[in-house]
Structure formats: structure tokens, C-alpha cells
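Pasted below: work-v3.pdb, PDB, C-alpha atoms.
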ATOM      1  CA  MET A   1       0.000   0.000   0.000
ATOM      2  CA  ILE A   2       1.217   3.468  -0.884
ATOM      3  CA  ARG A   3       1.860   5.897   1.950
ATOM      4  CA  LEU A   4       0.661   9.427   1.248
ATOM      5  CA  ASP A   5       1.416  12.622   3.125
ATOM      6  CA  GLU A   6      -0.732  15.755   3.050
ATOM      7  CA  THR A   7       1.088  17.196   0.019
ATOM      8  CA  ASP A   8       0.631  13.943  -1.950
ATOM      9  CA  ARG A   9      -3.083  14.012  -1.179
ATOM     10  CA  ALA A  10      -3.398  17.643  -2.215
ATOM     11  CA  MET A  11      -1.548  16.899  -5.465
ATOM     12  CA  LEU A  12      -3.824  13.927  -6.217
ATOM     13  CA  ARG A  13      -6.918  16.066  -5.558
ATOM     14  CA  ALA A  14      -5.575  18.729  -7.926
ATOM     15  CA  LEU A  15      -4.889  16.113 -10.616
ATOM     16  CA  GLN A  16      -8.371  14.635 -10.219
ATOM     17  CA  ALA A  17      -9.714  18.070 -11.089
ATOM     18  CA  ASP A  18      -7.179  18.717 -13.865
ATOM     19  CA  ALA A  19      -4.834  15.975 -15.011
ATOM     20  CA  THR A  20      -2.974  18.310 -17.365
ATOM     21  CA  LEU A  21      -1.307  20.297 -14.534
ATOM     22  CA  SER A  22       2.471  20.287 -14.941
ATOM     23  CA  ALA A  23       4.985  19.659 -12.169
ATOM     24  CA  GLY A  24       5.773  23.374 -12.275
ATOM     25  CA  ALA A  25       2.136  24.388 -11.822
ATOM     26  CA  LEU A  26       1.626  21.866  -9.014
ATOM     27  CA  GLY A  27       4.824  23.035  -7.331
ATOM     28  CA  ARG A  28       3.709  26.677  -7.402
ATOM     29  CA  ARG A  29       0.320  25.745  -5.970
ATOM     30  CA  PHE A  30       1.697  23.694  -3.092
ATOM     31  CA  GLY A  31       4.918  25.597  -2.354
ATOM     32  CA  LEU A  32       7.346  23.077  -3.842
ATOM     33  CA  SER A  33      10.160  23.541  -6.315
ATOM     34  CA  GLN A  34       9.481  22.177  -9.788
ATOM     35  CA  PRO A  35      11.968  19.271  -9.318
ATOM     36  CA  ALA A  36      10.458  18.413  -5.907
ATOM     37  CA  ALA A  37       6.934  18.353  -7.392
ATOM     38  CA  TRP A  38       8.213  16.262 -10.298
ATOM     39  CA  ARG A  39       9.809  13.708  -7.925
ATOM     40  CA  ARG A  40       6.522  13.359  -6.051
ATOM     41  CA  LEU A  41       4.583  12.934  -9.308
ATOM     42  CA  LYS A  42       7.044  10.313 -10.478
ATOM     43  CA  ARG A  43       6.736   8.371  -7.211
ATOM     44  CA  LEU A  44       2.907   8.516  -7.302
ATOM     45  CA  ALA A  45       2.946   7.257 -10.897
ATOM     46  CA  GLU A  46       5.502   4.501 -10.218
ATOM     47  CA  GLU A  47       3.668   3.242  -7.153
ATOM     48  CA  GLY A  48       0.399   3.180  -9.092
ATOM     49  CA  ALA A  49      -1.668   5.786  -7.236
ATOM     50  CA  ILE A  50      -3.109   6.966 -10.547
ATOM     51  CA  ARG A  51      -4.820   4.399 -12.755
ATOM     52  CA  GLY A  52      -5.050   6.614 -15.806
ATOM     53  CA  ARG A  53      -6.704   9.648 -17.243
ATOM     54  CA  ARG A  54     -10.360  10.194 -18.072
ATOM     55  CA  ILE A  55     -11.210  12.583 -20.896
ATOM     56  CA  ASP A  56     -14.530  14.215 -20.068
ATOM     57  CA  LEU A  57     -16.335  14.919 -23.344
ATOM     58  CA  ASP A  58     -19.697  16.611 -23.824
ATOM     59  CA  ARG A  59     -21.583  13.487 -24.903
ATOM     60  CA  GLU A  60     -24.623  15.379 -26.164
ATOM     61  CA  ALA A  61     -22.582  17.731 -28.333
ATOM     62  CA  LEU A  62     -21.042  14.635 -29.942
ATOM     63  CA  GLY A  63     -24.434  13.074 -30.635
ATOM     64  CA  PHE A  64     -24.800  10.696 -27.689
ATOM     65  CA  GLY A  65     -27.989  11.866 -26.027
ATOM     66  CA  VAL A  66     -28.632   8.823 -23.862
ATOM     67  CA  THR A  67     -26.567   6.981 -21.240
ATOM     68  CA  VAL A  68     -28.035   3.855 -19.673
ATOM     69  CA  PHE A  69     -26.837   1.726 -16.753
ATOM     70  CA  LEU A  70     -27.724  -1.943 -17.120
ATOM     71  CA  GLY A  71     -27.889  -4.671 -14.538
ATOM     72  CA  VAL A  72     -27.394  -8.030 -16.233
ATOM     73  CA  LYS A  73     -28.054 -11.439 -14.753
ATOM     74  CA  LEU A  74     -26.692 -14.513 -16.474
ATOM     75  CA  ALA A  75     -29.130 -17.333 -17.128
ATOM     76  CA  THR A  76     -26.401 -19.943 -16.982
ATOM     77  CA  LYS A  77     -23.348 -19.687 -14.752
ATOM     78  CA  GLY A  78     -20.003 -21.378 -14.784
ATOM     79  CA  ARG A  79     -16.491 -20.338 -15.640
ATOM     80  CA  VAL A  80     -16.918 -20.805 -19.384
ATOM     81  CA  SER A  81     -20.137 -18.793 -19.575
ATOM     82  CA  LEU A  82     -18.550 -15.875 -17.673
ATOM     83  CA  GLU A  83     -15.610 -15.812 -20.051
ATOM     84  CA  ASP A  84     -17.856 -16.008 -23.127
ATOM     85  CA  PHE A  85     -20.074 -13.227 -21.844
ATOM     86  CA  GLU A  86     -17.136 -10.983 -20.942
ATOM     87  CA  ARG A  87     -15.405 -11.484 -24.257
ATOM     88  CA  ALA A  88     -18.565 -10.682 -26.218
ATOM     89  CA  VAL A  89     -19.661  -7.696 -24.132
ATOM     90  CA  ARG A  90     -16.239  -6.037 -24.408
ATOM     91  CA  ALA A  91     -16.528  -6.090 -28.187
ATOM     92  CA  ILE A  92     -19.638  -3.858 -28.208
ATOM     93  CA  PRO A  93     -18.473  -0.313 -29.007
ATOM     94  CA  GLU A  94     -21.328   1.381 -27.103
ATOM     95  CA  VAL A  95     -20.393  -0.378 -23.852
ATOM     96  CA  GLN A  96     -18.262   1.992 -21.777
ATOM     97  CA  LEU A  97     -17.914   0.015 -18.593
ATOM     98  CA  VAL A  98     -18.300  -3.572 -17.415
ATOM     99  CA  HIS A  99     -18.081  -4.462 -13.738
ATOM    100  CA  HIS A 100     -18.448  -8.010 -12.489
ATOM    101  CA  VAL A 101     -20.560  -7.710  -9.344
ATOM    102  CA  LEU A 102     -22.044  -9.841  -6.596
ATOM    103  CA  GLY A 103     -25.685  -9.308  -5.711
ATOM    104  CA  HIS A 104     -28.969  -9.324  -7.548
ATOM    105  CA  TYR A 105     -27.111  -8.926 -10.873
ATOM    106  CA  ASP A 106     -23.895 -10.452 -12.157
ATOM    107  CA  TYR A 107     -22.693  -7.518 -14.258
ATOM    108  CA  ARG A 108     -23.100  -3.782 -14.262
ATOM    109  CA  LEU A 109     -22.813  -2.064 -17.669
ATOM    110  CA  ARG A 110     -22.683   1.527 -18.786
ATOM    111  CA  ILE A 111     -23.898   2.136 -22.345
ATOM    112  CA  VAL A 112     -24.078   5.229 -24.558
ATOM    113  CA  ALA A 113     -26.567   5.613 -27.410
ATOM    114  CA  ARG A 114     -27.585   8.369 -29.807
ATOM    115  CA  ASP A 115     -31.193   8.365 -28.527
ATOM    116  CA  LEU A 116     -33.755   5.996 -27.024
ATOM    117  CA  ALA A 117     -34.472   4.361 -30.392
ATOM    118  CA  ASP A 118     -30.742   3.714 -30.821
ATOM    119  CA  PHE A 119     -30.596   2.329 -27.273
ATOM    120  CA  GLU A 120     -33.461  -0.050 -28.045
ATOM    121  CA  ARG A 121     -31.561  -1.281 -31.101
ATOM    122  CA  ILE A 122     -28.385  -1.880 -29.029
ATOM    123  CA  LEU A 123     -30.393  -3.635 -26.327
ATOM    124  CA  ARG A 124     -32.201  -5.950 -28.730
ATOM    125  CA  ARG A 125     -29.437  -6.691 -31.184
ATOM    126  CA  ARG A 126     -26.326  -6.571 -29.038
ATOM    127  CA  ILE A 127     -27.164  -7.062 -25.374
ATOM    128  CA  MET A 128     -30.050  -9.557 -25.473
ATOM    129  CA  THR A 129     -28.036 -11.704 -27.895
ATOM    130  CA  LEU A 130     -24.987 -11.951 -25.597
ATOM    131  CA  PRO A 131     -24.063 -15.528 -24.605
ATOM    132  CA  GLY A 132     -25.789 -16.613 -21.398
ATOM    133  CA  VAL A 133     -27.695 -13.363 -20.860
ATOM    134  CA  GLY A 134     -30.764 -13.597 -18.616
ATOM    135  CA  ASP A 135     -32.631 -10.861 -16.779
ATOM    136  CA  VAL A 136     -31.673  -7.280 -17.767
ATOM    137  CA  GLU A 137     -32.649  -4.074 -15.973
ATOM    138  CA  ALA A 138     -32.147  -0.650 -17.560
ATOM    139  CA  ASN A 139     -31.977   2.712 -15.799
ATOM    140  CA  VAL A 140     -31.570   5.865 -17.897
ATOM    141  CA  LEU A 141     -28.980   8.309 -16.536
ATOM    142  CA  LEU A 142     -30.375  11.753 -15.695
ATOM    143  CA  SER A 143     -27.457  13.372 -13.879
ATOM    144  CA  GLU A 144     -24.018  12.445 -12.673
ATOM    145  CA  GLU A 145     -21.357  13.857 -10.414
ATOM    146  CA  ARG A 146     -17.943  12.534  -9.529
ATOM    147  CA  ARG A 147     -16.704  13.194  -6.039
ATOM    148  CA  PRO A 148     -13.041  13.462  -5.019
ATOM    149  CA  GLY A 149     -13.370  10.567  -2.560
ATOM    150  CA  PRO A 150     -11.563  10.162   0.762
ATOM    151  CA  LEU A 151      -8.222  11.769  -0.152
TER     152      LEU A 151
ATOM    153  CA  MET B   1     -20.882  24.079 -32.875
ATOM    154  CA  GLN B   2     -19.960  22.061 -35.941
ATOM    155  CA  ILE B   3     -17.813  18.977 -35.382
ATOM    156  CA  ASP B   4     -16.180  17.580 -38.485
ATOM    157  CA  ASP B   5     -14.363  14.355 -39.299
ATOM    158  CA  THR B   6     -10.965  15.768 -38.323
ATOM    159  CA  ASP B   7     -12.318  16.753 -34.891
ATOM    160  CA  ARG B   8     -13.760  13.276 -34.450
ATOM    161  CA  ARG B   9     -10.461  11.683 -35.469
ATOM    162  CA  LEU B  10      -8.564  13.826 -32.957
ATOM    163  CA  LEU B  11     -11.045  13.045 -30.175
ATOM    164  CA  ARG B  12     -10.862   9.341 -31.001
ATOM    165  CA  ARG B  13      -7.076   9.443 -30.718
ATOM    166  CA  LEU B  14      -7.227  11.532 -27.551
ATOM    167  CA  GLN B  15      -9.626   9.065 -25.910
ATOM    168  CA  ALA B  16      -7.391   6.143 -26.870
ATOM    169  CA  ASN B  17      -4.206   7.949 -25.765
ATOM    170  CA  PRO B  18      -5.237  10.387 -23.045
ATOM    171  CA  GLU B  19      -1.672  11.138 -22.029
ATOM    172  CA  ALA B  20      -0.289  11.803 -25.516
ATOM    173  CA  THR B  21       1.241  15.215 -26.193
ATOM    174  CA  ALA B  22      -0.256  17.499 -28.866
ATOM    175  CA  ALA B  23       2.598  16.539 -31.209
ATOM    176  CA  GLU B  24       1.981  12.804 -30.712
ATOM    177  CA  LEU B  25      -1.758  13.262 -31.250
ATOM    178  CA  ALA B  26      -1.139  15.256 -34.414
ATOM    179  CA  GLU B  27       0.930  12.423 -35.794
ATOM    180  CA  LEU B  28      -1.622   9.747 -34.798
ATOM    181  CA  ALA B  29      -4.483  11.699 -36.363
ATOM    182  CA  GLY B  30      -2.488  12.628 -39.477
ATOM    183  CA  VAL B  31      -2.700  16.408 -39.087
ATOM    184  CA  THR B  32      -0.050  19.067 -38.517
ATOM    185  CA  ALA B  33       0.892  20.018 -34.949
ATOM    186  CA  THR B  34      -0.552  23.515 -35.491
ATOM    187  CA  THR B  35      -3.898  22.170 -36.702
ATOM    188  CA  CYS B  36      -3.972  19.728 -33.803
ATOM    189  CA  SER B  37      -3.396  22.284 -31.058
ATOM    190  CA  ARG B  38      -5.706  24.846 -32.682
ATOM    191  CA  ARG B  39      -8.535  22.325 -32.875
ATOM    192  CA  LEU B  40      -7.990  20.960 -29.354
ATOM    193  CA  ASP B  41      -8.044  24.542 -28.027
ATOM    194  CA  ARG B  42     -11.302  25.225 -29.857
ATOM    195  CA  LEU B  43     -12.906  21.959 -28.643
ATOM    196  CA  ALA B  44     -11.958  22.862 -25.068
ATOM    197  CA  ARG B  45     -13.153  26.473 -25.453
ATOM    198  CA  ASP B  46     -16.512  25.335 -26.861
ATOM    199  CA  GLY B  47     -16.908  22.847 -24.017
ATOM    200  CA  VAL B  48     -16.762  19.675 -26.122
ATOM    201  CA  ILE B  49     -13.688  18.655 -24.115
ATOM    202  CA  ARG B  50     -14.915  19.471 -20.621
ATOM    203  CA  GLY B  51     -11.811  18.378 -18.781
ATOM    204  CA  GLN B  52      -9.182  15.759 -18.172
ATOM    205  CA  HIS B  53      -9.172  13.987 -14.847
ATOM    206  CA  ALA B  54      -6.690  11.702 -13.118
ATOM    207  CA  VAL B  55      -8.379   8.453 -12.097
ATOM    208  CA  ILE B  56      -7.240   7.357  -8.635
ATOM    209  CA  ASP B  57      -6.400   3.700  -8.124
ATOM    210  CA  TRP B  58      -8.205   3.273  -4.798
ATOM    211  CA  PRO B  59      -7.130  -0.343  -4.171
ATOM    212  CA  ALA B  60      -3.483   0.767  -4.515
ATOM    213  CA  LEU B  61      -4.162   3.313  -1.753
ATOM    214  CA  GLY B  62      -5.598   0.636   0.532
ATOM    215  CA  TRP B  63      -9.297   1.016  -0.366
ATOM    216  CA  GLU B  64     -10.038  -2.573  -1.303
ATOM    217  CA  VAL B  65     -13.843  -2.643  -1.247
ATOM    218  CA  GLU B  66     -16.088  -1.017  -3.878
ATOM    219  CA  VAL B  67     -19.858  -1.216  -3.712
ATOM    220  CA  SER B  68     -22.557   0.073  -6.002
ATOM    221  CA  LEU B  69     -25.511   1.090  -3.818
ATOM    222  CA  ARG B  70     -28.823   1.519  -5.633
ATOM    223  CA  PHE B  71     -31.529   3.500  -3.867
ATOM    224  CA  THR B  72     -35.236   3.903  -4.290
ATOM    225  CA  LEU B  73     -36.364   7.085  -2.542
ATOM    226  CA  ASP B  74     -39.611   7.883  -0.804
ATOM    227  CA  LYS B  75     -40.879  10.332  -3.399
ATOM    228  CA  THR B  76     -44.008  11.372  -1.483
ATOM    229  CA  ASP B  77     -41.800  14.184  -0.159
ATOM    230  CA  PRO B  78     -40.963  16.627  -2.996
ATOM    231  CA  ARG B  79     -37.613  17.466  -1.349
ATOM    232  CA  ALA B  80     -36.538  13.806  -1.231
ATOM    233  CA  PHE B  81     -34.038  13.985  -4.114
ATOM    234  CA  ASP B  82     -32.415  17.283  -3.125
ATOM    235  CA  GLU B  83     -32.069  16.366   0.530
ATOM    236  CA  PHE B  84     -30.777  12.871  -0.204
ATOM    237  CA  LEU B  85     -28.192  14.167  -2.709
ATOM    238  CA  ALA B  86     -27.030  16.965  -0.397
ATOM    239  CA  ALA B  87     -26.492  14.477   2.441
ATOM    240  CA  ALA B  88     -24.757  11.943   0.154
ATOM    241  CA  ARG B  89     -22.259  14.628  -0.929
ATOM    242  CA  GLU B  90     -21.154  14.924   2.692
ATOM    243  CA  VAL B  91     -20.013  11.275   2.815
ATOM    244  CA  PRO B  92     -16.307  11.265   1.827
ATOM    245  CA  GLU B  93     -16.356   7.578   0.836
ATOM    246  CA  VAL B  94     -18.878   8.289  -1.943
ATOM    247  CA  THR B  95     -16.969   8.643  -5.219
ATOM    248  CA  GLU B  96     -19.864   8.849  -7.708
ATOM    249  CA  ILE B  97     -23.484   9.982  -7.550
ATOM    250  CA  GLN B  98     -25.909   9.268 -10.398
ATOM    251  CA  THR B  99     -29.650   9.852 -10.692
ATOM    252  CA  PHE B 100     -31.850   7.776 -12.997
ATOM    253  CA  LEU B 101     -35.150   7.340 -14.688
ATOM    254  CA  GLY B 102     -36.134   3.760 -13.960
ATOM    255  CA  ARG B 103     -36.640   1.445 -11.023
ATOM    256  CA  VAL B 104     -33.519   2.874  -9.355
ATOM    257  CA  ASP B 105     -33.625   6.569  -8.370
ATOM    258  CA  VAL B 106     -30.037   7.143  -7.249
ATOM    259  CA  ARG B 107     -26.813   5.190  -7.323
ATOM    260  CA  LEU B 108     -23.876   5.834  -5.006
ATOM    261  CA  HIS B 109     -20.463   4.339  -5.623
ATOM    262  CA  VAL B 110     -18.955   3.750  -2.185
ATOM    263  CA  ILE B 111     -15.422   2.666  -1.310
ATOM    264  CA  ALA B 112     -14.074   1.225   1.946
ATOM    265  CA  ARG B 113     -10.769  -0.093   3.267
ATOM    266  CA  ASP B 114     -12.156  -3.574   4.013
ATOM    267  CA  MET B 115     -15.449  -5.313   4.767
ATOM    268  CA  ALA B 116     -15.496  -4.275   8.423
ATOM    269  CA  HIS B 117     -14.938  -0.671   7.370
ATOM    270  CA  TYR B 118     -17.655  -0.995   4.729
ATOM    271  CA  GLN B 119     -20.097  -2.259   7.330
ATOM    272  CA  GLN B 120     -19.275   0.725   9.524
ATOM    273  CA  ILE B 121     -19.779   3.209   6.664
ATOM    274  CA  TYR B 122     -23.019   1.477   5.648
ATOM    275  CA  ARG B 123     -24.470   1.645   9.152
ATOM    276  CA  GLU B 124     -23.210   5.031  10.244
ATOM    277  CA  LYS B 125     -23.235   7.073   7.034
ATOM    278  CA  ILE B 126     -25.476   5.394   4.463
ATOM    279  CA  LEU B 127     -28.483   4.095   6.404
ATOM    280  CA  VAL B 128     -28.883   7.536   8.014
ATOM    281  CA  LEU B 129     -29.329   9.280   4.622
ATOM    282  CA  PRO B 130     -32.808  10.835   4.359
ATOM    283  CA  HIS B 131     -35.851   9.560   2.396
ATOM    284  CA  ILE B 132     -34.594   6.029   1.655
ATOM    285  CA  ALA B 133     -37.361   3.603   0.670
ATOM    286  CA  ASP B 134     -35.146   0.724  -0.445
ATOM    287  CA  ILE B 135     -31.435  -0.092  -0.901
ATOM    288  CA  GLU B 136     -29.819  -2.765  -3.004
ATOM    289  CA  ALA B 137     -26.087  -3.444  -2.981
ATOM    290  CA  LEU B 138     -23.910  -4.771  -5.774
ATOM    291  CA  MET B 139     -20.450  -5.663  -4.503
ATOM    292  CA  GLN B 140     -17.748  -5.137  -7.113
ATOM    293  CA  VAL B 141     -15.770  -8.297  -7.821
ATOM    294  CA  ALA B 142     -13.745  -7.214 -10.844
ATOM    295  CA  VAL B 143     -13.412  -4.457 -13.401
ATOM    296  CA  ILE B 144     -13.740  -6.137 -16.804
ATOM    297  CA  ALA B 145     -13.652  -2.910 -18.821
ATOM    298  CA  GLU B 146     -13.697   0.723 -17.797
ATOM    299  CA  ASN B 147     -12.526   3.076 -20.489
ATOM    300  CA  GLU B 148     -15.653   5.240 -20.809
ATOM    301  CA  VAL B 149     -14.698   5.897 -24.412
ATOM    302  CA  LEU B 150     -17.358   7.286 -26.758
ATOM    303  CA  PRO B 151     -17.627   5.289 -30.018
ATOM    304  CA  LEU B 152     -16.968   8.331 -32.240
TER     305      LEU B 152
END
Represent the structure contained in this file as C-alpha cells.
Amino acid sequence: MIRLDETDRAMLRALQADATLSAGALGRRFGLSQPAAWRRLKRLAEEGAIRGRRIDLDREALGFGVTVFLGVKLATKGRVSLEDFERAVRAIPEVQLVHHVLGHYDYRLRIVARDLADFERILRRRIMTLPGVGDVEANVLLSEERRPGPL
Amino acid sequence: MQIDDTDRRLLRRLQANPEATAAELAELAGVTATTCSRRLDRLARDGVIRGQHAVIDWPALGWEVEVSLRFTLDKTDPRAFDEFLAAAREVPEVTEIQTFLGRVDVRLHVIARDMAHYQQIYREKILVLPHIADIEALMQVAVIAENEVLPL
């Protein structure tokens, strides 16, 4: 587990808000020299504190008016059916996220579509035809906020 | 604003290589460096690119448990949504808040250090949120895919 001090946490919070901040900019904000800020960034990256970078695009402006979260239950379970399902679901371009979960559903999916008619097409042609798929529940996203979390 | 094929190509490359420099993106998208930076500036100015965010690896920081909590609210009270959301924002372990049209009203993504810690958060911070009619938990076992890329 990575040990973080207050400055590391502050730097991570700043990068959550804007991942393009340079070592120089971070240093100025938190009273560090540019090389000192760079060394901290390098350590955080090497130790894996940051998983990657998320580009936040205006989905509607790009023609994706609808985002839907799906709960999917498999009708048949077993190692092979999980692998088949996962391989097939990852190949669907409109699927943005796949989490394997434990509970009422087996998978949680996030899907983008141009509109509700397009979503219906994806649901019927791509999702309902996935290997092993059983019960599916759809909830249409109305609003979303990301929180910084316990940093 | 008008988005043309070159914009789409740049955004596709940017989504696939979020950490690429403007020069690298220009090369990947087959445009000049000047065109690339001018277009990226315009896309950011017009709000098509809303921001770039570092994604924290919570398990690497010792937060091993992730749970998707799905709530149905008691909607007989017109303030139910606002009051629930305001209270949920005060819980530091909540990393995402979504509202929906469907059987689920709100989803909270909650992280915890371990199961005992999760139980403590659930009892002390989640069950006390206002206007809850029903809660359903989905415990995250594995991330199969999580790129949130738009199929441009």
C-alpha cells in the first residue's frame, strides 16, 4: 500500500480536477520547487496511485444523447459462460464500462446511445443476444457527479 | 458548434491515448501540430472537451472494497431527491453519484478499506441518509472494462 502525506493528497486532488497540470504548476500551488513536485509525481505514478486519465467529453454535443446503466443477470453460470459473456460484451463499441458484481445482478454495464431508439436497437441486437444473458434491468442516466473521494 | 471528421479523429485518438502530447496526437491523427493544437483549443473552449481527470487507483491506496448502492427514494416528499443528494455529498467515501429514470432513483459508488470498514460506513453514514425507501447493494468483484470511451 502506498503511503501518502498531506502534500501527496493535495496533489492527487488537484490532478483529479485537472490531469494536465504540470509539475511546475503543481509546485507553485503547493509551495514546492518544480523538481520536488516532479519527484513526487514520479513516485505517485511509479507506485500506481493513478490508474489513468479520463477525458470528459460533452456526450450530447457529440451526438450521444442517452446513457443507460444496465444490470445483467446470467441465465447460466459457470467459468466458461462468464468468459464467453465478458469477451462478447467487451466487443460492443457502445459499452463503456463492465463491472463483475455480486448481488442481484452479475454484471453492471454503462452504455451510450444516440437516442432511445438507438438504445433499443443496441439492447435488442447486441445485449439480449450476448451468450448466457438472462434478466436485464435498464436505468436511464439523468445526472451524474464525480466526487473526489476520501483523499 | 460544428464537429467535423478531423475533430472526431482527434477526439478518437485523444480518448485512446489520453496522455499523448499534442505533437503525438497530431501524428496519430495525421494532421499538422498547429492544426492539432488549434482544434484541441477550440474543442476545449466550446466545451466539447470538458476536462481531463486523473483516475485514482483506490485499491493501490488501501481502499479494497467497492460497492454500487442503488436507492429507491420515498418520493411522497418533494424534497426527497435534493435532501438525499445533499447528504450523500457529505459522505467522503462516496466517489460517484448518479440519478436515474427507472426502477432505481439514485446510485452511489462507495469505497471502503475492508469489509469491516464498509459495514461501519453502511451503518453510520449510508443508512442515516434521508428519504430512503429501499437499498440494493452490488459488490464489485472485478473491473472487466472501464474506459468510458465514446464510439466516435
Would you pick out the contacts of range 12-23 of chain B at 9 Å or less, using all atoms listed in the file, so that residues sharing its chain but fewer than 5 positions from it are not included, and give the list as a list in words?
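Residues meeting the cut-off are Thr20, Gly52, Arg53, Arg54 and Ile55 of chain A; Asp7, Leu28, Ala29, Thr32, Ala33, Thr34, Cys36, Ser37, Leu40, Gln52, Asn147, Glu148, Val149, Leu150, Pro151 and Leu152 of chain B.
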May I ask you to extract the residues of chain B within 7 Å of chain A, using all atoms listed in the file, and to give them as a ChimeraX atom specification?
/B:15,18,47-57,60-62,92-104,137-149,151
Deliver the residues from the most recent selection as a file, using C-alpha atoms, as a short mmCIF file (atom, residue, chain, number, x, y, z; two decimals), in the coordinates of the input.
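The file below, out_38.cif, is the result:
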data_model
loop_
_atom_site.label_atom_id
_atom_site.label_comp_id
_atom_site.auth_asym_id
_atom_site.auth_seq_id
_atom_site.Cartn_x
_atom_site.Cartn_y
_atom_site.Cartn_z
CA GLN B 15 -9.63 9.06 -25.91
CA PRO B 18 -5.24 10.39 -23.04
CA GLY B 47 -16.91 22.85 -24.02
CA VAL B 48 -16.76 19.68 -26.12
CA ILE B 49 -13.69 18.66 -24.12
CA ARG B 50 -14.92 19.47 -20.62
CA GLY B 51 -11.81 18.38 -18.78
CA GLN B 52 -9.18 15.76 -18.17
CA HIS B 53 -9.17 13.99 -14.85
CA ALA B 54 -6.69 11.70 -13.12
CA VAL B 55 -8.38 8.45 -12.10
CA ILE B 56 -7.24 7.36 -8.64
CA ASP B 57 -6.40 3.70 -8.12
CA ALA B 60 -3.48 0.77 -4.51
CA LEU B 61 -4.16 3.31 -1.75
CA GLY B 62 -5.60 0.64 0.53
CA PRO B 92 -16.31 11.26 1.83
CA GLU B 93 -16.36 7.58 0.84
CA VAL B 94 -18.88 8.29 -1.94
CA THR B 95 -16.97 8.64 -5.22
CA GLU B 96 -19.86 8.85 -7.71
CA ILE B 97 -23.48 9.98 -7.55
CA GLN B 98 -25.91 9.27 -10.40
CA THR B 99 -29.65 9.85 -10.69
CA PHE B 100 -31.85 7.78 -13.00
CA LEU B 101 -35.15 7.34 -14.69
CA GLY B 102 -36.13 3.76 -13.96
CA ARG B 103 -36.64 1.44 -11.02
CA VAL B 104 -33.52 2.87 -9.36
CA ALA B 137 -26.09 -3.44 -2.98
CA LEU B 138 -23.91 -4.77 -5.77
CA MET B 139 -20.45 -5.66 -4.50
CA GLN B 140 -17.75 -5.14 -7.11
CA VAL B 141 -15.77 -8.30 -7.82
CA ALA B 142 -13.74 -7.21 -10.84
CA VAL B 143 -13.41 -4.46 -13.40
CA ILE B 144 -13.74 -6.14 -16.80
CA ALA B 145 -13.65 -2.91 -18.82
CA GLU B 146 -13.70 0.72 -17.80
CA ASN B 147 -12.53 3.08 -20.49
CA GLU B 148 -15.65 5.24 -20.81
CA VAL B 149 -14.70 5.90 -24.41
CA PRO B 151 -17.63 5.29 -30.02
#
Check which residues satisfy the PyMOL selection byres ((chain A and resi 133) around 8) in the file shown, then give them as a count of residues only.
15
Could you please determine the separation between CA of Gly65 in chain A and CA of Thr6 in chain B in Å, to one decimal place?
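So the two atoms, CA of Gly65 in chain A and CA of Thr6 in chain B, lie 21.4 Å apart.
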Given the PyMOL selection byres ((chain B and resi 65) around 9) and the file above, list the residues it selects as a PyMOL selection string.
chain B and resi 58-59+63-64+66-67+110-115+117-118+139-141
Selection from above, C-alpha atoms, as an mmCIF file, keeping the file's coordinate frame, can you write it?
data_model
loop_
_atom_site.group_PDB
_atom_site.id
_atom_site.type_symbol
_atom_site.label_atom_id
_atom_site.label_comp_id
_atom_site.auth_asym_id
_atom_site.auth_seq_id
_atom_site.Cartn_x
_atom_site.Cartn_y
_atom_site.Cartn_z
ATOM 1 C CA TRP B 58 -8.205 3.273 -4.798
ATOM 2 C CA PRO B 59 -7.130 -0.343 -4.171
ATOM 3 C CA TRP B 63 -9.297 1.016 -0.366
ATOM 4 C CA GLU B 64 -10.038 -2.573 -1.303
ATOM 5 C CA GLU B 66 -16.088 -1.017 -3.878
ATOM 6 C CA VAL B 67 -19.858 -1.216 -3.712
ATOM 7 C CA VAL B 110 -18.955 3.750 -2.185
ATOM 8 C CA ILE B 111 -15.422 2.666 -1.310
ATOM 9 C CA ALA B 112 -14.074 1.225 1.946
ATOM 10 C CA ARG B 113 -10.769 -0.093 3.267
ATOM 11 C CA ASP B 114 -12.156 -3.574 4.013
ATOM 12 C CA MET B 115 -15.449 -5.313 4.767
ATOM 13 C CA HIS B 117 -14.938 -0.671 7.370
ATOM 14 C CA TYR B 118 -17.655 -0.995 4.729
ATOM 15 C CA MET B 139 -20.450 -5.663 -4.503
ATOM 16 C CA GLN B 140 -17.748 -5.137 -7.113
ATOM 17 C CA VAL B 141 -15.770 -8.297 -7.821
#
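Here CA of Glu83 in chain A stands at a distance of 24.6 Å from CA of Phe119 in chain A.
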Near Ala36 in chain A, counting all atoms listed in the file, which residues have an atom at most 12 Å away, once you skip same-chain residues fewer than 5 positions from it, shown as a list in words?
Thr7, Asp8, Ala23, Gly24, Ala25, Leu26, Gly27, Arg28, Phe30, Gly31, Leu41, Lys42 and Arg43 of chain A
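Between CA of Ser68 in chain B and CA of Arg125 in chain A the separation is 27.0 Å.
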Name the residues in contact with Asp74 in chain B at a cut-off of 9 Å, using all atoms listed in the file, excluding same-chain residues fewer than 5 positions from it; report them as a PyMOL selection string.
chain B and resi 80-81+131-134
For Asp46 in chain B, which residue out of B:Pro130, B:Glu27, B:Leu69, B:Gln2 is the nearest one, using all atoms listed in the file?
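Among B:Pro130, B:Glu27, B:Leu69, B:Gln2, it is B:Gln2 that comes nearest to Asp46 in chain B.
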For range 5-11 of chain A, what centre and edge lengths in Å (one decimal) does the axis-aligned box get once 8 Å is added on each side of all its listed atoms, as AutoDock Vina command-line options?
--center_x -1.0 --center_y 15.1 --center_z -1.2 --size_x 20.8 --size_y 21.0 --size_z 24.6
